[in-house]
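Colleague: Just coords39.cif, nothing more (mmCIF, C-alpha atoms):
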```cif
data_model
#
loop_
_atom_site.group_PDB
_atom_site.id
_atom_site.type_symbol
_atom_site.label_atom_id
_atom_site.label_comp_id
_atom_site.auth_asym_id
_atom_site.auth_seq_id
_atom_site.Cartn_x
_atom_site.Cartn_y
_atom_site.Cartn_z
ATOM 1 C CA MET S 1 37.567 37.056 66.358
ATOM 2 C CA TYR S 2 36.613 39.293 69.332
ATOM 3 C CA ALA S 3 38.736 37.145 71.642
ATOM 4 C CA GLU S 4 41.760 38.246 69.594
ATOM 5 C CA MET S 5 40.917 41.969 69.813
ATOM 6 C CA GLN S 6 42.770 43.828 72.563
ATOM 7 C CA SER S 7 40.145 46.571 72.684
ATOM 8 C CA ILE S 8 36.627 47.319 71.485
ATOM 9 C CA ASP S 9 34.633 50.519 71.146
ATOM 10 C CA ALA S 10 31.980 51.354 73.726
ATOM 11 C CA GLY S 11 28.314 51.285 72.755
ATOM 12 C CA ILE S 12 28.193 48.162 70.546
ATOM 13 C CA LYS S 13 25.183 45.952 71.290
ATOM 14 C CA PHE S 14 25.219 42.156 71.320
ATOM 15 C CA LYS S 15 22.729 39.426 72.151
ATOM 16 C CA THR S 16 24.160 36.638 74.298
ATOM 17 C CA ARG S 17 23.325 32.958 74.014
ATOM 18 C CA ALA S 18 21.225 33.412 77.168
ATOM 19 C CA GLY S 19 19.108 36.007 75.329
ATOM 20 C CA LEU S 20 20.419 39.082 77.151
ATOM 21 C CA VAL S 21 21.029 42.270 75.203
ATOM 22 C CA VAL S 22 24.335 43.769 76.322
ATOM 23 C CA GLU S 23 26.382 46.799 75.326
ATOM 24 C CA THR S 24 30.163 47.144 75.387
ATOM 25 C CA THR S 25 31.691 49.652 77.806
ATOM 26 C CA GLY S 26 35.063 49.913 76.073
ATOM 27 C CA VAL S 27 36.926 48.082 78.871
ATOM 28 C CA SER S 28 38.874 44.964 77.868
ATOM 29 C CA GLN S 29 41.046 42.484 79.713
ATOM 30 C CA GLN S 30 43.405 39.751 78.552
ATOM 31 C CA ILE S 31 43.108 36.344 80.201
ATOM 32 C CA GLU S 32 46.710 35.182 79.891
ATOM 33 C CA SER S 33 46.168 31.576 80.978
ATOM 34 C CA VAL S 34 44.011 30.889 77.892
ATOM 35 C CA ASP S 35 45.346 33.739 75.704
ATOM 36 C CA VAL S 36 41.981 35.394 74.979
ATOM 37 C CA ASN S 37 40.602 38.874 75.474
ATOM 38 C CA VAL S 38 37.278 39.491 77.172
ATOM 39 C CA HIS S 39 35.311 42.710 77.049
ATOM 40 C CA GLU S 40 33.187 44.374 79.702
ATOM 41 C CA VAL S 41 29.502 44.645 78.877
ATOM 42 C CA VAL S 42 26.485 46.066 80.657
ATOM 43 C CA ILE S 43 23.108 44.339 80.427
ATOM 44 C CA VAL S 44 20.658 46.715 78.728
ATOM 45 C CA GLU S 45 17.730 44.309 78.278
ATOM 46 C CA GLY S 46 16.863 41.227 80.279
ATOM 47 C CA GLU S 47 17.381 39.874 83.755
ATOM 48 C CA GLY S 48 20.081 41.780 85.623
ATOM 49 C CA GLN S 49 19.648 45.013 83.658
ATOM 50 C CA GLY S 50 22.421 47.460 84.587
ATOM 51 C CA GLU S 51 24.829 44.734 85.751
ATOM 52 C CA LYS S 52 28.332 44.676 84.248
ATOM 53 C CA TYR S 53 30.469 41.632 83.556
ATOM 54 C CA LEU S 54 33.309 40.414 81.322
ATOM 55 C CA HIS S 55 32.229 38.405 78.292
ATOM 56 C CA ASN S 56 33.904 36.568 75.411
ATOM 57 C CA LEU S 57 31.984 38.211 72.572
ATOM 58 C CA ASP S 58 32.779 35.323 70.218
ATOM 59 C CA TYR S 59 29.807 33.675 71.930
ATOM 60 C CA ALA S 60 27.328 36.481 71.197
ATOM 61 C CA GLU S 61 25.600 37.887 68.102
ATOM 62 C CA LYS S 62 25.924 41.526 67.127
ATOM 63 C CA ALA S 63 22.510 43.125 67.670
#
```
Render the structure in this file as structure tokens.
Modeller:
Amino acid sequence: MYAEMQSIDAGIKFKTRAGLVVETTGVSQQIESVDVNVHEVVIVEGEGQGEKYLHNLDYAEKA
């Protein structure tokens, strides 16, 4: 579902499979080779707090 979305609002929290709580920044990028969209998140709770990375939110739970 999220992998099909070309954009996402900033400030939405998710919990990743690794147990990190992340928040969307509003930045999205399409990965053309696999035809999915990934969204930039910042870690707000857990190891690496403050770090940003691109994540396929289909593999996270809305917090």
Colleague: Could you pull the residues within 9 Å of Ser7 (chain S), counting all atoms listed in the file, minus those fewer than 2 positions along the same chain, as a list in words?
Modeller: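 So the residues in contact are Tyr2, Met5, Asp9, Gly26, Val27, Ser28, Gln29, Asn37, Val38 and His39 of chain S.
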Colleague: Please write as JSON, numbers by chain the list of polymer residues whose atoms come within 7 Å of (26.4, 34.8, 77.6), counting all atoms listed in the file and keeping to the coordinates of the file.
Modeller: {"S": [16, 17, 18, 55, 59, 60]}
Colleague: Draw an axis-aligned box over all listed atoms of region 43-52 of chain S, pad each side with 5 Å, and write its centre and edge lengths in Å, one decimal, as lines of an AutoDock Vina configuration file.
Modeller:
```
center_x = 22.6
center_y = 43.7
center_z = 82.0
size_x = 21.5
size_y = 17.6
size_z = 17.5
```
Colleague: So which residues get picked by the PyMOL selection byres ((chain S and resi 11) around 6) here, written as a list in words?
Modeller: Ala10, Ile12, Glu23 and Thr24 of chain S
Colleague: Emit the selected residues as a CSV table (one decimal), in the coordinates of the input, including C-alpha atoms.
Modeller:
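Final output, again.csv:
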```csv
chain,number,residue,atom,x,y,z
S,10,ALA,CA,32.0,51.4,73.7
S,12,ILE,CA,28.2,48.2,70.5
S,23,GLU,CA,26.4,46.8,75.3
S,24,THR,CA,30.2,47.1,75.4
```
Colleague: Can you list, as number ranges by chain, the residues that the PyMOL selection byres ((chain S and resi 21) around 12) selects here?
Modeller: S: 11-20, 22-24, 41-52, 57, 60-63
Colleague: Determine the nearest neighbour of Ile8 (chain S) from the options S:Tyr53, S:Asp58, S:Val34, S:Glu40, counting all atoms listed in the file.
Modeller: S:Glu40
Colleague: Would you fill out region 1-30 of chain S with N, CA and C atoms and return it as an mmCIF file, in the frame of the given file?
Modeller:
```cif
data_model
loop_
_atom_site.group_PDB
_atom_site.id
_atom_site.type_symbol
_atom_site.label_atom_id
_atom_site.label_comp_id
_atom_site.auth_asym_id
_atom_site.auth_seq_id
_atom_site.Cartn_x
_atom_site.Cartn_y
_atom_site.Cartn_z
ATOM 1 N N MET S 1 37.262 35.766 66.918
ATOM 2 C CA MET S 1 37.567 37.056 66.358
ATOM 3 C C MET S 1 37.655 38.116 67.459
ATOM 4 N N TYR S 2 36.574 38.286 68.264
ATOM 5 C CA TYR S 2 36.613 39.293 69.332
ATOM 6 C C TYR S 2 37.605 38.911 70.419
ATOM 7 N N ALA S 3 37.800 37.612 70.619
ATOM 8 C CA ALA S 3 38.736 37.145 71.642
ATOM 9 C C ALA S 3 40.178 37.519 71.290
ATOM 10 N N GLU S 4 40.434 37.834 70.028
ATOM 11 C CA GLU S 4 41.760 38.246 69.594
ATOM 12 C C GLU S 4 41.951 39.759 69.666
ATOM 13 N N MET S 5 40.862 40.505 69.778
ATOM 14 C CA MET S 5 40.917 41.969 69.813
ATOM 15 C C MET S 5 41.312 42.455 71.204
ATOM 16 N N GLN S 6 42.314 43.320 71.274
ATOM 17 C CA GLN S 6 42.770 43.828 72.563
ATOM 18 C C GLN S 6 41.874 44.929 73.097
ATOM 19 N N SER S 7 41.065 45.528 72.239
ATOM 20 C CA SER S 7 40.145 46.571 72.684
ATOM 21 C C SER S 7 38.928 46.582 71.761
ATOM 22 N N ILE S 8 37.861 47.202 72.255
ATOM 23 C CA ILE S 8 36.627 47.319 71.485
ATOM 24 C C ILE S 8 35.987 48.653 71.840
ATOM 25 N N ASP S 9 35.302 49.253 70.892
ATOM 26 C CA ASP S 9 34.633 50.519 71.146
ATOM 27 C C ASP S 9 33.466 50.335 72.104
ATOM 28 N N ALA S 10 33.145 51.361 72.841
ATOM 29 C CA ALA S 10 31.980 51.354 73.726
ATOM 30 C C ALA S 10 30.721 51.553 72.891
ATOM 31 N N GLY S 11 29.604 51.027 73.377
ATOM 32 C CA GLY S 11 28.314 51.285 72.755
ATOM 33 C C GLY S 11 27.872 50.284 71.694
ATOM 34 N N ILE S 12 28.586 49.166 71.530
ATOM 35 C CA ILE S 12 28.193 48.162 70.546
ATOM 36 C C ILE S 12 27.300 47.138 71.239
ATOM 37 N N LYS S 13 26.139 46.864 70.665
ATOM 38 C CA LYS S 13 25.183 45.952 71.290
ATOM 39 C C LYS S 13 25.328 44.536 70.737
ATOM 40 N N PHE S 14 25.169 43.576 71.643
ATOM 41 C CA PHE S 14 25.219 42.156 71.320
ATOM 42 C C PHE S 14 24.074 41.446 72.025
ATOM 43 N N LYS S 15 23.690 40.299 71.480
ATOM 44 C CA LYS S 15 22.729 39.426 72.151
ATOM 45 C C LYS S 15 23.477 38.161 72.533
ATOM 46 N N THR S 16 23.443 37.816 73.818
ATOM 47 C CA THR S 16 24.160 36.638 74.298
ATOM 48 C C THR S 16 23.351 35.382 74.034
ATOM 49 N N ARG S 17 24.014 34.244 74.186
ATOM 50 C CA ARG S 17 23.325 32.958 74.014
ATOM 51 C C ARG S 17 22.178 32.806 75.012
ATOM 52 N N ALA S 18 22.272 33.478 76.149
ATOM 53 C CA ALA S 18 21.225 33.412 77.168
ATOM 54 C C ALA S 18 20.059 34.348 76.848
ATOM 55 N N GLY S 19 20.179 35.115 75.744
ATOM 56 C CA GLY S 19 19.108 36.007 75.329
ATOM 57 C C GLY S 19 19.177 37.406 75.909
ATOM 58 N N LEU S 20 20.262 37.743 76.600
ATOM 59 C CA LEU S 20 20.419 39.082 77.151
ATOM 60 C C LEU S 20 20.946 40.023 76.076
ATOM 61 N N VAL S 21 20.467 41.254 76.084
ATOM 62 C CA VAL S 21 21.029 42.270 75.203
ATOM 63 C C VAL S 21 22.014 43.068 76.048
ATOM 64 N N VAL S 22 23.266 43.091 75.590
ATOM 65 C CA VAL S 22 24.335 43.769 76.322
ATOM 66 C C VAL S 22 24.995 44.804 75.426
ATOM 67 N N GLU S 23 25.697 45.738 76.061
ATOM 68 C CA GLU S 23 26.382 46.799 75.326
ATOM 69 C C GLU S 23 27.799 46.910 75.864
ATOM 70 N N THR S 24 28.760 47.037 74.971
ATOM 71 C CA THR S 24 30.163 47.144 75.387
ATOM 72 C C THR S 24 30.407 48.477 76.091
ATOM 73 N N THR S 25 31.331 48.443 77.069
ATOM 74 C CA THR S 25 31.691 49.652 77.806
ATOM 75 C C THR S 25 33.012 50.239 77.328
ATOM 76 N N GLY S 26 33.754 49.459 76.533
ATOM 77 C CA GLY S 26 35.063 49.913 76.073
ATOM 78 C C GLY S 26 36.212 49.391 76.912
ATOM 79 N N VAL S 27 35.905 48.664 78.002
ATOM 80 C CA VAL S 27 36.926 48.082 78.871
ATOM 81 C C VAL S 27 37.203 46.654 78.405
ATOM 82 N N SER S 28 38.479 46.310 78.289
ATOM 83 C CA SER S 28 38.874 44.964 77.868
ATOM 84 C C SER S 28 39.945 44.432 78.796
ATOM 85 N N GLN S 29 40.041 43.112 78.861
ATOM 86 C CA GLN S 29 41.046 42.484 79.713
ATOM 87 C C GLN S 29 41.537 41.213 79.045
ATOM 88 N N GLN S 30 42.839 40.983 79.109
ATOM 89 C CA GLN S 30 43.405 39.751 78.552
ATOM 90 C C GLN S 30 43.460 38.693 79.643
#
```
